[in-house]
Amino acid sequence: MKLKNDNGLFVDEETGSLVGYLYNFQGKGIFSPDGKVEVTPEQAETHNRLLSEAELNGLDENCQIGQRGAFYFVKGKVYTWKGTLVSEEVTIKGKQITFTRKGKVFTGRLQKDANLFNFRRVR
């Protein structure tokens with residue numbers, strides 16, 4: 001994968017896609033969902049912060065009914081992978097999770113032993 005730094009966010013030049021969150025495995029390097037990448041820990045941190053901000057901006061400004069995403073449910077709240085709070089307005093009914101953000105309603109399904117859940121906008 002060939003990366004291009006676009007104002008702090010990394011883009012895969014081969015696909016034109018934004019790179020997912022980067023994880024620093026101490027002593028082993030920094031990895032994207034697609035494998036090892038040659039960036040500094042500081043660059044990875046900047047990328048992750050900007051990606052988290054972009055996720056929330058997209059949710060607030062562009063998410064239409066029916067569009068989907070994935071967040072994390074931890075201790076009764078919804079977060080991005082980076083740990084940025086998405087919503088405290090959360091309702092759980094069985095395995096169904098519903099959360100609200102800025103007047104928009106999203107629903108998903110929780111999985112056993114997993115914090116990550118997929119959701120879609122319903123209102």
# chains A, B, ... in the order shown; residues from 1 in each chain; ligands from 1

$ select_by_dssp --residues "segment 18-118 of chain A" --states "strand (DSSP E)" --output "PyMOL selection string"
chain A and resi 18+23-25+29-32+35-37+68-74+77-79+85-87+89-93+96-101+104-109+116-118

$ closest_atom_pairs --of "segment 32-106 of chain A" --to "segment 6-12 of chain A" --cutoff "12 Å" --atoms "only C-alpha atoms" --output "CSV"
residue,atom,partner,partner_atom,distance
A:Ser32,CA,A:Phe10,CA,10.2
A:Pro33,CA,A:Asp12,CA,11.8
A:Asp34,CA,A:Asp12,CA,10.3
A:Val37,CA,A:Phe10,CA,10.3
A:Glu38,CA,A:Phe10,CA,11.1
A:Val39,CA,A:Phe10,CA,9.5
A:Thr40,CA,A:Gly8,CA,11.7
A:Glu42,CA,A:Gly8,CA,10.1
A:Gln43,CA,A:Gly8,CA,7.0
A:Ala44,CA,A:Gly8,CA,8.7
A:Glu45,CA,A:Gly8,CA,9.3
A:Thr46,CA,A:Gly8,CA,6.0
A:His47,CA,A:Leu9,CA,4.7
A:Asn48,CA,A:Leu9,CA,7.9
A:Arg49,CA,A:Leu9,CA,9.1
A:Leu50,CA,A:Leu9,CA,6.6
A:Leu51,CA,A:Leu9,CA,7.0
A:Ser52,CA,A:Leu9,CA,10.6
A:Glu53,CA,A:Leu9,CA,11.0
A:Ala54,CA,A:Leu9,CA,9.9

$ closest_residue --among "A:Gly76, A:Lys82, A:Gly108, A:Asp113" --to "Gly20 of chain A" --atoms "only C-alpha atoms"
A:Lys82

$ atom_distance --atom1 "atom CA of Phe31 of chain A" --atom2 "atom CA of Ala114 of chain A"
21.3 Å

$ residues_around --residues "segment 84-95 of chain A" --least-positions-apart "4" --cutoff "10 Å" --atoms "only C-alpha atoms" --output "PyMOL selection string"
chain A and resi 49+52-53+55-56+59+71-73+75-80+99-102+105-112

$ write_last_selection --atoms "N, CA and C atoms" --output "mmCIF file, in the first residue's frame"
data_model
loop_
_atom_site.group_PDB
_atom_site.id
_atom_site.type_symbol
_atom_site.label_atom_id
_atom_site.label_comp_id
_atom_site.auth_asym_id
_atom_site.auth_seq_id
_atom_site.Cartn_x
_atom_site.Cartn_y
_atom_site.Cartn_z
ATOM 1 N N ARG A 49 -6.890 10.830 15.239
ATOM 2 C CA ARG A 49 -7.694 11.931 15.783
ATOM 3 C C ARG A 49 -8.552 12.559 14.695
ATOM 4 N N SER A 52 -11.368 10.179 13.592
ATOM 5 C CA SER A 52 -12.453 10.173 14.572
ATOM 6 C C SER A 52 -13.326 11.419 14.417
ATOM 7 N N GLU A 53 -12.678 12.573 14.259
ATOM 8 C CA GLU A 53 -13.422 13.822 14.049
ATOM 9 C C GLU A 53 -14.247 13.755 12.758
ATOM 10 N N GLU A 55 -15.420 11.050 11.308
ATOM 11 C CA GLU A 55 -16.550 10.134 11.513
ATOM 12 C C GLU A 55 -17.730 10.868 12.140
ATOM 13 N N LEU A 56 -17.444 11.663 13.165
ATOM 14 C CA LEU A 56 -18.515 12.389 13.849
ATOM 15 C C LEU A 56 -19.097 13.485 12.972
ATOM 16 N N LEU A 59 -21.339 11.798 10.534
ATOM 17 C CA LEU A 59 -22.569 11.373 11.206
ATOM 18 C C LEU A 59 -23.506 12.555 11.393
ATOM 19 N N PHE A 71 -19.625 1.543 15.602
ATOM 20 C CA PHE A 71 -19.079 2.200 16.778
ATOM 21 C C PHE A 71 -18.933 1.177 17.894
ATOM 22 N N TYR A 72 -18.563 1.659 19.061
ATOM 23 C CA TYR A 72 -18.313 0.800 20.212
ATOM 24 C C TYR A 72 -19.251 1.168 21.353
ATOM 25 N N PHE A 73 -19.772 0.143 22.030
ATOM 26 C CA PHE A 73 -20.636 0.322 23.189
ATOM 27 C C PHE A 73 -19.840 -0.073 24.428
ATOM 28 N N LYS A 75 -19.795 0.637 28.711
ATOM 29 C CA LYS A 75 -20.345 1.181 29.954
ATOM 30 C C LYS A 75 -21.534 2.114 29.705
ATOM 31 N N GLY A 76 -22.452 1.671 28.850
ATOM 32 C CA GLY A 76 -23.691 2.402 28.633
ATOM 33 C C GLY A 76 -23.608 3.578 27.674
ATOM 34 N N LYS A 77 -22.452 3.756 27.024
ATOM 35 C CA LYS A 77 -22.275 4.879 26.101
ATOM 36 C C LYS A 77 -21.709 4.376 24.777
ATOM 37 N N VAL A 78 -21.842 5.198 23.725
ATOM 38 C CA VAL A 78 -21.342 4.859 22.395
ATOM 39 C C VAL A 78 -20.113 5.722 22.095
ATOM 40 N N TYR A 79 -19.056 5.078 21.582
ATOM 41 C CA TYR A 79 -17.782 5.745 21.312
ATOM 42 C C TYR A 79 -17.253 5.382 19.931
ATOM 43 N N THR A 80 -16.354 6.251 19.415
ATOM 44 C CA THR A 80 -15.573 5.899 18.240
ATOM 45 C C THR A 80 -14.454 4.971 18.698
ATOM 46 N N PHE A 99 -29.349 4.573 19.719
ATOM 47 C CA PHE A 99 -28.746 5.776 20.280
ATOM 48 C C PHE A 99 -29.146 6.974 19.445
ATOM 49 N N THR A 100 -29.091 8.138 20.094
ATOM 50 C CA THR A 100 -29.475 9.394 19.465
ATOM 51 C C THR A 100 -28.293 10.341 19.518
ATOM 52 N N ARG A 101 -28.134 11.084 18.431
ATOM 53 C CA ARG A 101 -27.108 12.129 18.373
ATOM 54 C C ARG A 101 -27.645 13.259 17.506
ATOM 55 N N LYS A 102 -27.693 14.443 18.100
ATOM 56 C CA LYS A 102 -28.127 15.652 17.388
ATOM 57 C C LYS A 102 -29.461 15.448 16.670
ATOM 58 N N VAL A 105 -31.604 9.357 14.981
ATOM 59 C CA VAL A 105 -31.741 8.094 15.708
ATOM 60 C C VAL A 105 -31.072 6.977 14.900
ATOM 61 N N PHE A 106 -30.297 6.161 15.605
ATOM 62 C CA PHE A 106 -29.538 5.068 15.013
ATOM 63 C C PHE A 106 -29.827 3.791 15.785
ATOM 64 N N THR A 107 -29.849 2.684 15.093
ATOM 65 C CA THR A 107 -30.088 1.413 15.769
ATOM 66 C C THR A 107 -29.125 0.353 15.253
ATOM 67 N N GLY A 108 -28.826 -0.598 16.127
ATOM 68 C CA GLY A 108 -27.922 -1.682 15.772
ATOM 69 C C GLY A 108 -28.182 -2.889 16.643
ATOM 70 N N ARG A 109 -27.309 -3.862 16.531
ATOM 71 C CA ARG A 109 -27.457 -5.097 17.290
ATOM 72 C C ARG A 109 -26.134 -5.404 17.984
ATOM 73 N N LEU A 110 -26.210 -5.600 19.292
ATOM 74 C CA LEU A 110 -25.028 -5.947 20.074
ATOM 75 C C LEU A 110 -24.727 -7.435 19.923
ATOM 76 N N GLN A 111 -23.446 -7.760 19.933
ATOM 77 C CA GLN A 111 -23.003 -9.149 19.849
ATOM 78 C C GLN A 111 -22.420 -9.572 21.192
ATOM 79 N N LYS A 112 -22.582 -10.824 21.530
ATOM 80 C CA LYS A 112 -22.047 -11.348 22.775
ATOM 81 C C LYS A 112 -20.523 -11.197 22.790
#
